[in-house]
Every structure is written in structure tokens, then in C-alpha cells.
file start.txt (compact mmCIF, C-alpha atoms)
# COMPACT_ATOMS: atom_id res chain seq x y z
CA ILE B 1 -44.15 44.66 15.64
CA PHE B 2 -45.77 47.50 13.68
CA ASP B 3 -43.22 50.17 14.71
CA VAL B 4 -40.25 47.82 15.17
CA CYS B 5 -40.53 46.27 11.72
CA GLY B 6 -41.42 49.56 10.05
CA CYS B 7 -44.78 48.38 8.74
CA THR B 8 -46.23 50.70 6.07
CA ALA B 9 -49.38 50.78 3.95
CA VAL B 10 -49.32 48.77 0.74
CA VAL B 11 -49.86 51.16 -2.17
CA THR B 12 -51.59 49.55 -5.13
CA THR B 13 -50.74 51.20 -8.45
CA PRO B 14 -53.68 51.01 -10.89
CA ALA B 15 -52.94 49.32 -14.19
CA PRO B 16 -52.32 51.82 -17.01
CA VAL B 17 -55.26 52.42 -19.32
CA PRO B 18 -54.26 51.82 -22.94
CA GLU B 19 -54.83 54.74 -25.28
CA VAL B 20 -57.70 54.45 -27.72
CA ALA B 21 -57.02 55.37 -31.32
CA PRO B 22 -59.33 58.18 -32.49
CA SER B 23 -61.20 56.10 -35.07
CA ILE B 24 -64.94 55.87 -35.75
CA PHE B 25 -67.34 54.26 -38.23
CA PRO B 26 -67.91 55.79 -41.69
CA VAL B 27 -70.89 58.10 -42.05
CA CYS B 28 -74.01 56.05 -42.82
CA SER B 29 -76.84 57.25 -45.07
CA ILE B 30 -79.61 54.97 -43.79
CA CYS B 31 -81.73 55.56 -46.89
CA GLY B 32 -78.79 55.05 -49.25
CA ASP B 33 -76.59 57.58 -51.02
CA GLY B 34 -78.60 60.36 -52.63
CA PHE B 35 -81.67 59.76 -50.45
CA ALA B 36 -82.87 61.19 -47.13
CA VAL B 37 -85.54 60.35 -44.55
CA GLY B 38 -88.89 61.96 -45.37
CA ASN B 39 -90.89 60.65 -42.40
CA GLY B 40 -88.74 61.17 -39.32
CA ALA B 41 -91.54 60.31 -36.87
CA ALA B 42 -91.98 56.79 -38.25
CA THR B 43 -90.62 54.03 -36.01
CA ILE B 44 -88.52 50.98 -36.83
CA GLN B 45 -88.07 47.87 -34.69
CA LEU B 46 -84.43 46.86 -34.85
CA GLY B 47 -84.27 43.10 -35.11
CA GLU B 48 -86.72 40.55 -33.74
CA GLY B 49 -87.76 41.75 -30.29
CA GLY B 50 -85.26 44.60 -30.48
CA VAL B 51 -85.55 48.24 -29.50
CA THR B 52 -87.73 50.69 -31.42
CA GLU B 53 -86.19 53.88 -32.84
CA THR B 54 -87.59 56.74 -34.88
CA CYS B 55 -86.30 57.22 -38.40
CA ALA B 56 -85.06 60.70 -37.41
CA ARG B 57 -82.89 59.31 -34.60
CA LEU B 58 -81.48 56.61 -36.85
CA GLU B 59 -80.61 59.20 -39.48
CA LEU B 60 -78.84 61.33 -36.84
CA GLY B 61 -76.92 58.29 -35.63
CA GLY B 62 -75.80 57.56 -39.17
CA GLN B 63 -74.68 61.15 -39.75
CA ALA B 64 -72.73 61.04 -36.46
CA ALA B 65 -70.85 57.93 -37.67
CA LEU B 66 -72.27 55.85 -34.81
CA ILE B 67 -73.70 53.01 -36.94
CA PRO B 68 -71.41 50.10 -37.89
CA PRO B 69 -71.17 49.37 -41.65
CA SER B 70 -72.88 45.96 -41.29
CA ALA B 71 -75.88 47.55 -39.53
CA CYS B 72 -75.95 50.40 -42.06
CA ALA B 73 -76.22 47.98 -44.98
CA THR B 74 -79.11 46.16 -43.25
CA LEU B 75 -80.99 49.39 -42.54
CA GLN B 76 -80.73 50.53 -46.16
CA THR B 77 -82.63 47.42 -47.27
CA GLU B 78 -85.32 47.52 -44.57
CA ILE B 79 -86.40 51.10 -43.85
CA PHE B 80 -86.71 52.73 -47.27
CA ASP B 81 -90.50 52.70 -47.51
CA THR B 82 -91.29 53.00 -43.79
CA CYS B 83 -89.11 56.08 -43.32
CA GLY B 84 -90.37 57.68 -46.53
CA CYS B 85 -86.93 57.88 -48.09
CA ALA B 86 -86.83 60.31 -50.98
CA ALA B 87 -84.22 61.58 -53.38
CA THR B 88 -82.17 64.47 -52.02
CA PRO B 89 -82.74 67.65 -54.10
CA THR B 90 -79.73 68.43 -56.28
CA ALA B 91 -78.37 71.90 -55.66
CA ALA B 92 -77.59 74.14 -58.61
CA PRO B 93 -73.88 74.33 -59.38
CA GLY B 94 -72.13 77.21 -57.71
CA PRO B 95 -68.77 78.28 -56.35
CA ASP B 96 -66.78 75.71 -54.40
CA VAL B 97 -67.70 75.74 -50.73
CA ALA B 98 -65.66 74.08 -48.02
CA PRO B 99 -67.53 71.13 -46.48
CA ALA B 100 -69.26 72.06 -43.26
CA SER B 101 -68.51 70.23 -40.02
CA PHE B 102 -70.33 70.12 -36.71
CA PRO B 103 -69.06 72.07 -33.70
CA SER B 104 -66.69 70.21 -31.41
CA CYS B 105 -68.66 68.07 -28.94
CA THR B 106 -67.56 67.43 -25.35
CA VAL B 107 -69.46 64.19 -24.84
CA CYS B 108 -69.14 64.26 -21.01
CA GLY B 109 -70.18 67.91 -20.78
CA GLU B 110 -68.07 71.06 -20.68
CA GLY B 111 -65.05 70.70 -18.38
CA PHE B 112 -65.29 66.90 -18.13
CA GLU B 113 -63.63 64.03 -20.00
CA VAL B 114 -63.84 60.24 -20.34
CA THR B 115 -61.57 58.33 -17.93
CA GLN B 116 -62.71 54.82 -18.90
CA PRO B 117 -62.16 54.80 -22.68
CA GLU B 118 -62.47 51.03 -23.09
CA THR B 119 -65.84 50.76 -21.31
CA LEU B 120 -68.58 49.66 -23.71
CA ILE B 121 -71.87 51.53 -23.91
CA GLN B 122 -75.05 50.62 -25.75
CA PHE B 123 -76.01 53.25 -28.27
CA GLY B 124 -78.75 53.31 -30.83
CA VAL B 125 -78.85 50.53 -33.35
CA GLY B 126 -80.13 47.20 -32.08
CA GLY B 127 -77.89 46.79 -29.08
CA GLU B 128 -74.67 47.70 -30.91
CA VAL B 129 -71.97 48.83 -28.50
CA GLN B 130 -69.34 51.55 -28.65
CA GLN B 131 -66.23 52.22 -26.63
CA CYS B 132 -66.43 55.42 -24.59
CA GLY B 133 -63.10 56.49 -26.09
CA LEU B 134 -64.45 56.21 -29.64
CA VAL B 135 -67.50 58.32 -28.82
CA GLN B 136 -65.25 60.99 -27.27
CA ALA B 137 -62.95 60.89 -30.32
CA GLY B 138 -65.94 61.40 -32.62
CA GLY B 139 -66.99 64.47 -30.65
CA LEU B 140 -63.50 66.01 -30.80
CA ALA B 141 -63.34 65.27 -34.53
CA ASN B 142 -66.55 67.30 -35.13
CA LEU B 143 -68.48 64.21 -36.24
CA ILE B 144 -71.42 64.43 -33.80
CA PRO B 145 -74.37 66.73 -34.55
CA PRO B 146 -75.37 69.21 -31.81
CA GLU B 147 -78.72 67.40 -31.31
CA VAL B 148 -76.91 64.16 -30.46
CA CYS B 149 -74.19 65.91 -28.45
CA ALA B 150 -76.82 67.47 -26.18
CA ILE B 151 -78.10 64.08 -24.98
CA LEU B 152 -74.76 62.31 -24.58
CA PRO B 153 -73.64 63.68 -21.16
CA GLY B 154 -76.78 62.41 -19.47
CA ALA B 155 -76.44 59.02 -21.16
CA ILE B 156 -72.73 58.24 -20.65
CA PHE B 157 -71.50 60.32 -17.68
CA ASP B 158 -71.40 57.56 -15.06
CA VAL B 159 -70.76 54.64 -17.42
CA CYS B 160 -67.71 56.25 -19.04
CA GLY B 161 -66.32 57.55 -15.75
CA CYS B 162 -66.54 61.20 -16.75
CA SER B 163 -64.50 63.41 -14.42
CA ALA B 164 -63.16 66.94 -14.35
CA VAL B 165 -60.45 67.59 -16.94
CA GLY B 166 -56.97 67.12 -15.50
CA VAL B 167 -58.11 65.36 -12.33
CA PRO B 168 -56.73 61.79 -12.29
CA ALA B 169 -58.67 58.98 -10.71
CA THR B 170 -57.64 58.67 -7.03
CA PRO B 171 -57.05 55.11 -5.79
CA ALA B 172 -58.78 54.22 -2.53
CA PRO B 173 -56.39 54.47 0.46
CA VAL B 174 -55.19 51.17 1.90
CA THR B 175 -55.31 51.04 5.72
CA PRO B 176 -53.07 48.40 7.38
CA ALA B 177 -54.80 45.98 9.71
CA PRO B 178 -53.99 46.77 13.36
CA VAL B 179 -51.73 44.29 15.17
CA THR B 180 -53.33 43.12 18.43
CA PRO B 181 -50.88 41.57 20.93
CA ASP B 182 -51.82 38.15 22.32
CA THR B 183 -52.56 38.68 26.01
CA SER B 184 -54.03 35.23 26.68
CA ALA B 185 -50.74 33.86 28.08
CA PRO B 186 -48.61 36.37 29.97
CA VAL B 187 -44.88 36.08 29.38
CA THR B 188 -42.79 35.83 32.60
CA PRO B 189 -39.09 36.50 32.13
CA ALA B 190 -36.73 33.75 33.40
CA PRO B 191 -34.88 34.60 36.64
CA VAL B 192 -31.28 35.66 36.22
CA THR B 193 -28.76 34.26 38.76
CA PRO B 194 -25.50 36.23 39.01
CA ALA B 195 -22.31 34.20 38.62
CA PRO B 196 -20.34 33.63 41.89
CA VAL B 197 -17.40 35.96 42.43
CA THR B 198 -14.14 34.25 43.55
CA PRO B 199 -11.94 36.57 45.69
call {"tool": "encode", "arguments": {"input": "start.txt", "output": "C-alpha cells"}}
result
Amino acid sequence: IFDVCGCTAVVTTPAPVPEVAPSIFPVCSICGDGFAVGNGAATIQLGEGGVTETCARLELGGQAALIPPSACATLQTEIFDTCGCAATPTAAPGPDVAPASFPSCTVCGEGFEVTQPETLIQFGVGGEVQQCGLVQAGGLANLIPPEVCAILPGAIFDVCGCSAVGVPATPAPVTPAPVTPDTSAPVTPAPVTPAPVTP
């Protein structure tokens, strides 16, 4: 019946991916406002049995707005002495200078973009998770330092579905199952007897 009934492949349309608003956490000063890490090589265990991070990496994560406010407040009370937090030197007053921002960061690598913005990835602080779309938005908003940007492609490429810019995800082709005729019982047409002709 394949040709007679006009059988065709069933095309499955992937569900649309909702857009992710370009929002991100506030910048976190892990030592507290007016203080900076003095011992970047010192390590901190995040939570009981949690991962261990250096103070330098935590400070970078805070500057890149990748630490949630609740975790930031906890860090400020726990790492002050271990990380050698010290008051930030006050610069002499001078002419107004526009605030500096980091270069734009392509988190998947040059020429690639996130195609799974709602996928969650584990990044940095004690198992906290981030949406791939939020990390990409932070890079485009110049909120990620170059040091952090350099390690992101290797960490998120597969998880976030990074693909070449402008190349949509291609759904797998659907092949119809072949129709095999039943040959176990041959079909014999009934004999046809012509009607008698009366002269």
C-alpha cells in the first residue's frame, strides 16, 4: 500500500526553545566592599564535603557575576582571614574616567553560539548551577574577565550544544518502516463465468 496510499515520512518539528532574558547575578566582592583577596593561592572548601576552590578563582567568579547573592553573602563571612582579604588602596582623586569593562566574550569560542540556553551547567561555587543562556548573555554584556572567558569553551561546548553561528540544529531524518506483503497464503482470484447469451 506504500505507493497506492501515498505513504510519506512523518516529519517531527522540534519544540521551540524559549528565549532566555539576558540577566545575570550582581557582581560579588567575596571579601566585602572595599576589600580584595590578598592570598589568591589559598584554598577554600565550599560546604561540607564540597569542592575546593582557590581564593583567586572565587574572586574571578564574583567579578564575572557568576556567584548568586546568597552564596556571595556566605563567602564574605567565611573566607576573610583565609584569603588574606585586605583593604583596597584608595586612589587619589583625579579626572572622571569612564568605568572599564571587559572585552566581549564568546563563551562557546569564536564563530560558535549556545543552542541549548536552558541547559544547566555546574560552575564554581559549591555546586551552584547556571543556565547556558545566562552565561552567554554575561559574555556578550562584557561581564566575564578574559581569564574566565578563556576556559569556558572547553568547559561548556558539548553541554550547552555549541554550534556554528547561523547553523540551526538539524532533526534526525525519519525513515518509514518498509511494508512487507504477506506471502504465507497466496490469493487465488475467483473464477468468472460469463453470462449466457440468448439469441
call {"tool": "atom_distance", "arguments": {"input": "start.txt", "atom1": "CA of Ala150 in chain B", "atom2": "CA of Val107 in chain B"}}
result
8.2 Å
call {"tool": "residues_near_point", "arguments": {"input": "start.txt", "point": "(-66.9, 60.1, -27.7)", "cutoff": "10 Å", "atoms": "only C-alpha atoms", "output": "PyMOL selection string"}}
result
chain B and resi 22+24+66+105-108+113-114+117+130-141+143-144+149+152+156+160
call {"tool": "closest_residue", "arguments": {"input": "start.txt", "among": "B:Ser163, B:Thr77, B:Ser29, B:Thr82", "to": "Gly61 in chain B", "atoms": "only C-alpha atoms"}}
result
B:Ser29
call {"tool": "closest_residue", "arguments": {"input": "start.txt", "among": "B:Gly109, B:Pro146, B:Gly62, B:Gly84", "to": "Phe25 in chain B", "atoms": "only C-alpha atoms"}}
result
B:Gly62
call {"tool": "atom_distance", "arguments": {"input": "start.txt", "atom1": "CA of Asn142 in chain B", "atom2": "CA of Phe102 in chain B"}}
result
5.0 Å
call {"tool": "atom_distance", "arguments": {"input": "start.txt", "atom1": "CA of Val27 in chain B", "atom2": "CA of Gly50 in chain B"}}
result
22.9 Å
call {"tool": "closest_residue", "arguments": {"input": "start.txt", "among": "B:Thr88, B:Cys55, B:Ala73, B:Glu118", "to": "Gly34 in chain B", "atoms": "all atoms listed in the file"}}
result
B:Thr88
call {"tool": "residues_near_point", "arguments": {"input": "start.txt", "point": "(-60.2, 66.9, -16.4)", "cutoff": "7 Å", "atoms": "only C-alpha atoms", "output": "list in words"}}
result
Gly111, Phe112, Glu113, Ser163, Ala164, Val165, Gly166 and Val167 of chain B
call {"tool": "residues_around", "arguments": {"input": "start.txt", "residues": "Thr74 in chain B", "least_positions_apart": "2", "cutoff": "12 Å", "atoms": "only C-alpha atoms", "output": "number ranges by chain"}}
result
B: 28-32, 46-47, 67-72, 76-80, 125-126
call {"tool": "closest_residue", "arguments": {"input": "start.txt", "among": "B:Val148, B:Ala155, B:Ala86, B:Ala41", "to": "Leu60 in chain B", "atoms": "only C-alpha atoms"}}
result
B:Val148
call {"tool": "closest_residue", "arguments": {"input": "start.txt", "among": "B:Gln116, B:Gln122, B:Ser101, B:Gln63", "to": "Val51 in chain B", "atoms": "all atoms listed in the file"}}
result
B:Gln122
